[in-house]
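This report refers to the structure that appears directly beneath it.
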Amino acid sequence: MERVICCVCEKPIEGKVFKIGDRPYGADCYAKVARNRRGLWWASLIGIGALVLFVATVALIARATKPHLEGTPLVLVSLLLALVPALIWLAFFYIQDAREPEPKALVLAVFLLGALLARAVGIPIINDLFHTSSWFSAGPLFHILGAILIVGFTQQFLVFAAVRYTVYYSKEFDERVDGIVYATAAALGYATMVNVQYILESGGVDLASGIFRIAVTAMALASFGGLVGFFLGRCKFEDEPLWWMPAGLALAAVLDGLFTYFRGEITSTPISLKGGGYNPWLSLILGTVVAGLTFAVLFLLLRRLERRASQSAGA
């Protein structure tokens, strides 16, 4: 009788053969693929809360003290702040990962690759090739189209590429949730480089308001990257149709573009006798809600897959 080979570890399966779609799994590999790492979800949500608290603290202190920074000191402080969102996420990831180890070198490598792709490909395409700033100022319709078709698709495809053509083939990518872990890391790397580029071009940022842009960019891209990772994880371990991954990329790109548009709309307030012009707190609320809801939905979807796998195993 021909022995069945596990599609993950590529070893002959001893005992019961588990299947997801038509793909065979050994008991250990099936348990890994099907499990839901709850610690990761709590770490992600707590990390979002910690980032919000950090942003609010920096903004309030900056407004109260009004530090007089300019030139190189301002740029250096701004660059340090640009690293904080990634550092917070990686710190909480490290804490929860103590019980469920993930190769940290791979996570860091994907993070750096996301940053390099942003600098070498994403930013030049969005800013220099298509000049999206001119799209954004040409009216709401062009603003939305530019945000989705140029910004959204470019960013999400590069996050996808950072995972799909590297760690996706590694034996360490052995769970559905790994797609979310690595894609989130790639997206955070991308967001960090976007923030760094903005800081360098602007000669630093105002600490009372610039910290909002930094944090919101990171939260939004991380959550949409997690969505791309969910589709990647399903593609690797399940028999999904050919349209599955393109549909996932398109969904993430549309959400990315719509977020870009609405963030600009809600933070710009009408000029009046009482002032107006820019309200960064609304962008922080929007970013927090979007990131929290996205990761919560991904958690619920994976729980549903976990229950389905348990029922199939029992059957």
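Residues are referred to by chain and number: the chain letter is A, B, ... according to the order shown in the structure tokens, the number counts from 1 in that chain, and ligands are numbered separately from 1 in the order shown.
Residues in contact with Ala115 of chain A at 6 Å, where only C-alpha atoms are counted and same-chain residues fewer than 6 positions away are skipped, are listed as Gly189, Tyr190 and Met193 of chain A.
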Mind writing the picked residues with C-alpha atoms as a PDB file, in the first residue's frame?
```pdb
ATOM      1  CA  GLY A 189       8.501  47.488   8.056  1.00  0.00           C
ATOM      2  CA  TYR A 190       6.807  49.189   5.114  1.00  0.00           C
ATOM      3  CA  MET A 193      10.021  53.324   6.038  1.00  0.00           C
TER       4      MET A 193
END
```
- Gly49 of chain A environment, 12 Å, only C-alpha atoms, sequence neighbours closer than 4 positions dropped, as number ranges by chain: A: 42-45, 53-56, 85, 88-89, 92, 215, 219, 284-285, 287-289, 291-292
The selected residues should be written to file as a tab-separated table (two decimals), in the first residue's frame (atoms: N, CA and C atoms).
```tsv
chain	number	residue	atom	x	y	z
A	42	TRP	N	-4.14	38.51	21.76
A	42	TRP	CA	-4.12	39.40	22.91
A	42	TRP	C	-2.92	40.35	22.82
A	43	ALA	N	-1.78	39.83	22.37
A	43	ALA	CA	-0.59	40.67	22.23
A	43	ALA	C	-0.84	41.78	21.21
A	44	SER	N	-1.52	41.45	20.11
A	44	SER	CA	-1.80	42.45	19.07
A	44	SER	C	-2.73	43.54	19.60
A	45	LEU	N	-3.79	43.14	20.28
A	45	LEU	CA	-4.76	44.12	20.78
A	45	LEU	C	-4.16	44.97	21.90
A	53	LEU	N	-1.86	54.74	23.91
A	53	LEU	CA	-1.46	55.41	25.15
A	53	LEU	C	-0.17	56.19	24.96
A	54	PHE	N	0.79	55.60	24.26
A	54	PHE	CA	2.06	56.29	24.00
A	54	PHE	C	1.84	57.55	23.19
A	55	VAL	N	1.03	57.45	22.14
A	55	VAL	CA	0.76	58.61	21.28
A	55	VAL	C	0.11	59.73	22.08
A	56	ALA	N	-0.92	59.39	22.85
A	56	ALA	CA	-1.61	60.41	23.64
A	56	ALA	C	-0.66	61.06	24.63
A	85	PRO	N	6.21	52.40	16.93
A	85	PRO	CA	5.13	51.43	16.67
A	85	PRO	C	5.65	50.02	16.43
A	88	ILE	N	6.99	48.51	19.74
A	88	ILE	CA	5.92	48.09	20.65
A	88	ILE	C	5.34	46.75	20.20
A	89	TRP	N	5.04	46.64	18.89
A	89	TRP	CA	4.47	45.40	18.39
A	89	TRP	C	5.45	44.24	18.58
A	92	PHE	N	5.64	43.11	22.33
A	92	PHE	CA	4.52	42.27	22.77
A	92	PHE	C	4.55	40.91	22.07
A	215	ALA	N	1.85	56.91	14.09
A	215	ALA	CA	1.16	55.78	14.71
A	215	ALA	C	0.03	55.26	13.84
A	219	MET	N	-0.47	51.48	12.36
A	219	MET	CA	-1.61	50.64	12.75
A	219	MET	C	-2.41	50.20	11.54
A	284	LEU	N	-6.45	59.22	14.94
A	284	LEU	CA	-6.05	58.19	15.90
A	284	LEU	C	-7.23	57.29	16.24
A	285	ILE	N	-8.40	57.88	16.43
A	285	ILE	CA	-9.60	57.08	16.71
A	285	ILE	C	-9.91	56.16	15.54
A	287	GLY	N	-7.83	55.06	13.17
A	287	GLY	CA	-6.81	54.03	13.06
A	287	GLY	C	-6.96	52.95	14.10
A	288	THR	N	-7.29	53.34	15.33
A	288	THR	CA	-7.46	52.37	16.41
A	288	THR	C	-8.65	51.46	16.14
A	289	VAL	N	-9.76	52.04	15.72
A	289	VAL	CA	-10.96	51.25	15.43
A	289	VAL	C	-10.71	50.28	14.28
A	291	ALA	N	-7.79	49.09	13.09
A	291	ALA	CA	-6.84	48.04	13.45
A	291	ALA	C	-7.47	47.04	14.42
A	292	GLY	N	-8.17	47.54	15.44
A	292	GLY	CA	-8.79	46.64	16.40
A	292	GLY	C	-9.83	45.74	15.77
```
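Residue nearest Phe111 of chain A within the list A:Thr57, A:Thr154, A:Ser283, A:Thr184: A:Thr184 [criterion: smallest interatomic distance, only C-alpha atoms].
Using only C-alpha atoms, the smallest distance between any of A:Val75, A:Ala247, A:Leu286, A:Leu298 and Ile266 of chain A comes from A:Leu286.
The two atoms in question, atom CA of Ala183 of chain A and atom CA of Arg263 of chain A, are spaced 22.7 Å apart.
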- Message: When you look at Gly122 of chain A with a cut-off of 8 Å (counting only C-alpha atoms), what residues show up, excluding the ones that are within fewer than 3 positions of it in the same chain? I need them as a count of residues only.
- Response: 8
- Message: Among segment 9-128 of chain A, which residues does DSSP mark as helix (DSSP H, G or I) when it is run on the backbone? Keep the chain and numbering as in the structure and answer as JSON, numbers by chain.
- Response: {"A": [27, 28, 29, 30, 31, 32, 33, 34, 38, 39, 40, 41, 42, 43, 44, 45, 46, 47, 48, 49, 50, 51, 52, 53, 54, 55, 56, 57, 58, 59, 60, 61, 62, 63, 64, 65, 72, 73, 74, 75, 76, 77, 78, 79, 80, 81, 82, 83, 84, 85, 86, 87, 88, 89, 90, 91, 92, 93, 94, 95, 96, 97, 104, 105, 106, 107, 108, 109, 110, 111, 112, 113, 114, 115, 116, 117, 118, 119, 120, 121, 122, 123, 124, 125, 126, 127, 128]}
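Around Cys6 of chain A, within 10 Å and counting only C-alpha atoms, the residues found are Glu10, Lys11, Pro12, Ile13, Glu14, Val17, Phe18, Lys19, Arg23, Pro24, Tyr25, Gly26, Ala27, Cys29 and Tyr30 of chain A, once anything fewer than 4 positions away on its own chain is removed.
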Please save C-alpha atoms of the selected residues as a PDB file, in the first residue's frame.
```pdb
ATOM      1  CA  GLU A  10       6.998  15.779   3.729  1.00  0.00           C
ATOM      2  CA  LYS A  11       7.350  12.670   5.905  1.00  0.00           C
ATOM      3  CA  PRO A  12       5.317   9.444   5.657  1.00  0.00           C
ATOM      4  CA  ILE A  13       2.217   9.654   7.824  1.00  0.00           C
ATOM      5  CA  GLU A  14       1.984   7.112  10.621  1.00  0.00           C
ATOM      6  CA  VAL A  17      -4.370  10.790   7.861  1.00  0.00           C
ATOM      7  CA  PHE A  18      -5.967  14.187   8.408  1.00  0.00           C
ATOM      8  CA  LYS A  19      -7.069  16.289   5.479  1.00  0.00           C
ATOM      9  CA  ARG A  23      -4.134  17.911   1.304  1.00  0.00           C
ATOM     10  CA  PRO A  24      -2.942  15.148   3.689  1.00  0.00           C
ATOM     11  CA  TYR A  25      -1.496  15.959   7.130  1.00  0.00           C
ATOM     12  CA  GLY A  26       0.093  13.962   9.910  1.00  0.00           C
ATOM     13  CA  ALA A  27      -1.372  14.385  13.393  1.00  0.00           C
ATOM     14  CA  CYS A  29       1.330  19.003  11.563  1.00  0.00           C
ATOM     15  CA  TYR A  30      -2.454  19.043  11.447  1.00  0.00           C
TER      16      TYR A  30
END
```
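We find atom CA of Phe230 of chain A and atom CA of Asp178 of chain A to be spaced 8.5 Å apart.
In this model, the gap between atom CA of Glu201 of chain A and atom CA of Gly114 of chain A comes to 19.9 Å.
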- Message: Excluding Gly257 of chain A and its own-chain neighbours fewer than 6 positions away, which residues fall within 10 Å of it when counting only C-alpha atoms? Please give them as a PyMOL selection string.
- Response: chain A and resi 143-153+155+251+263
- Task: Do a neighbour search on Val297 of chain A at 12 Å with only C-alpha atoms, toss out local chain neighbours closer than 3 positions, and write the hits as JSON, numbers by chain.
- Result: {"A": [41, 45, 223, 224, 226, 227, 230, 289, 290, 291, 292, 293, 294, 300, 301, 302, 303, 304]}
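DSSP secondary structure from the backbone places Phe18, Lys19, Ile20, Arg23, Pro24 and Tyr25 of chain A of segment 7-223 of chain A in strand (DSSP E).
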Could you save those same residues with C-alpha atoms as a PDB file, in the first residue's frame?
```pdb
ATOM      1  CA  PHE A  18      -5.967  14.187   8.408  1.00  0.00           C
ATOM      2  CA  LYS A  19      -7.069  16.289   5.479  1.00  0.00           C
ATOM      3  CA  ILE A  20      -7.874  19.907   4.728  1.00  0.00           C
ATOM      4  CA  ARG A  23      -4.134  17.911   1.304  1.00  0.00           C
ATOM      5  CA  PRO A  24      -2.942  15.148   3.689  1.00  0.00           C
ATOM      6  CA  TYR A  25      -1.496  15.959   7.130  1.00  0.00           C
TER       7      TYR A  25
END
```
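Minimum atom-to-atom distance to Ala86 of chain A, evaluated using only C-alpha atoms, belongs to A:Leu51 out of A:Leu40, A:Ala252, A:Leu116, A:Leu51.
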- What's the 10 Å shell around Ser209 of chain A, counting only C-alpha atoms, without same-chain residues fewer than 5 positions away, as a ChimeraX atom specification? /A:55,58-60,62-63,214,278-281
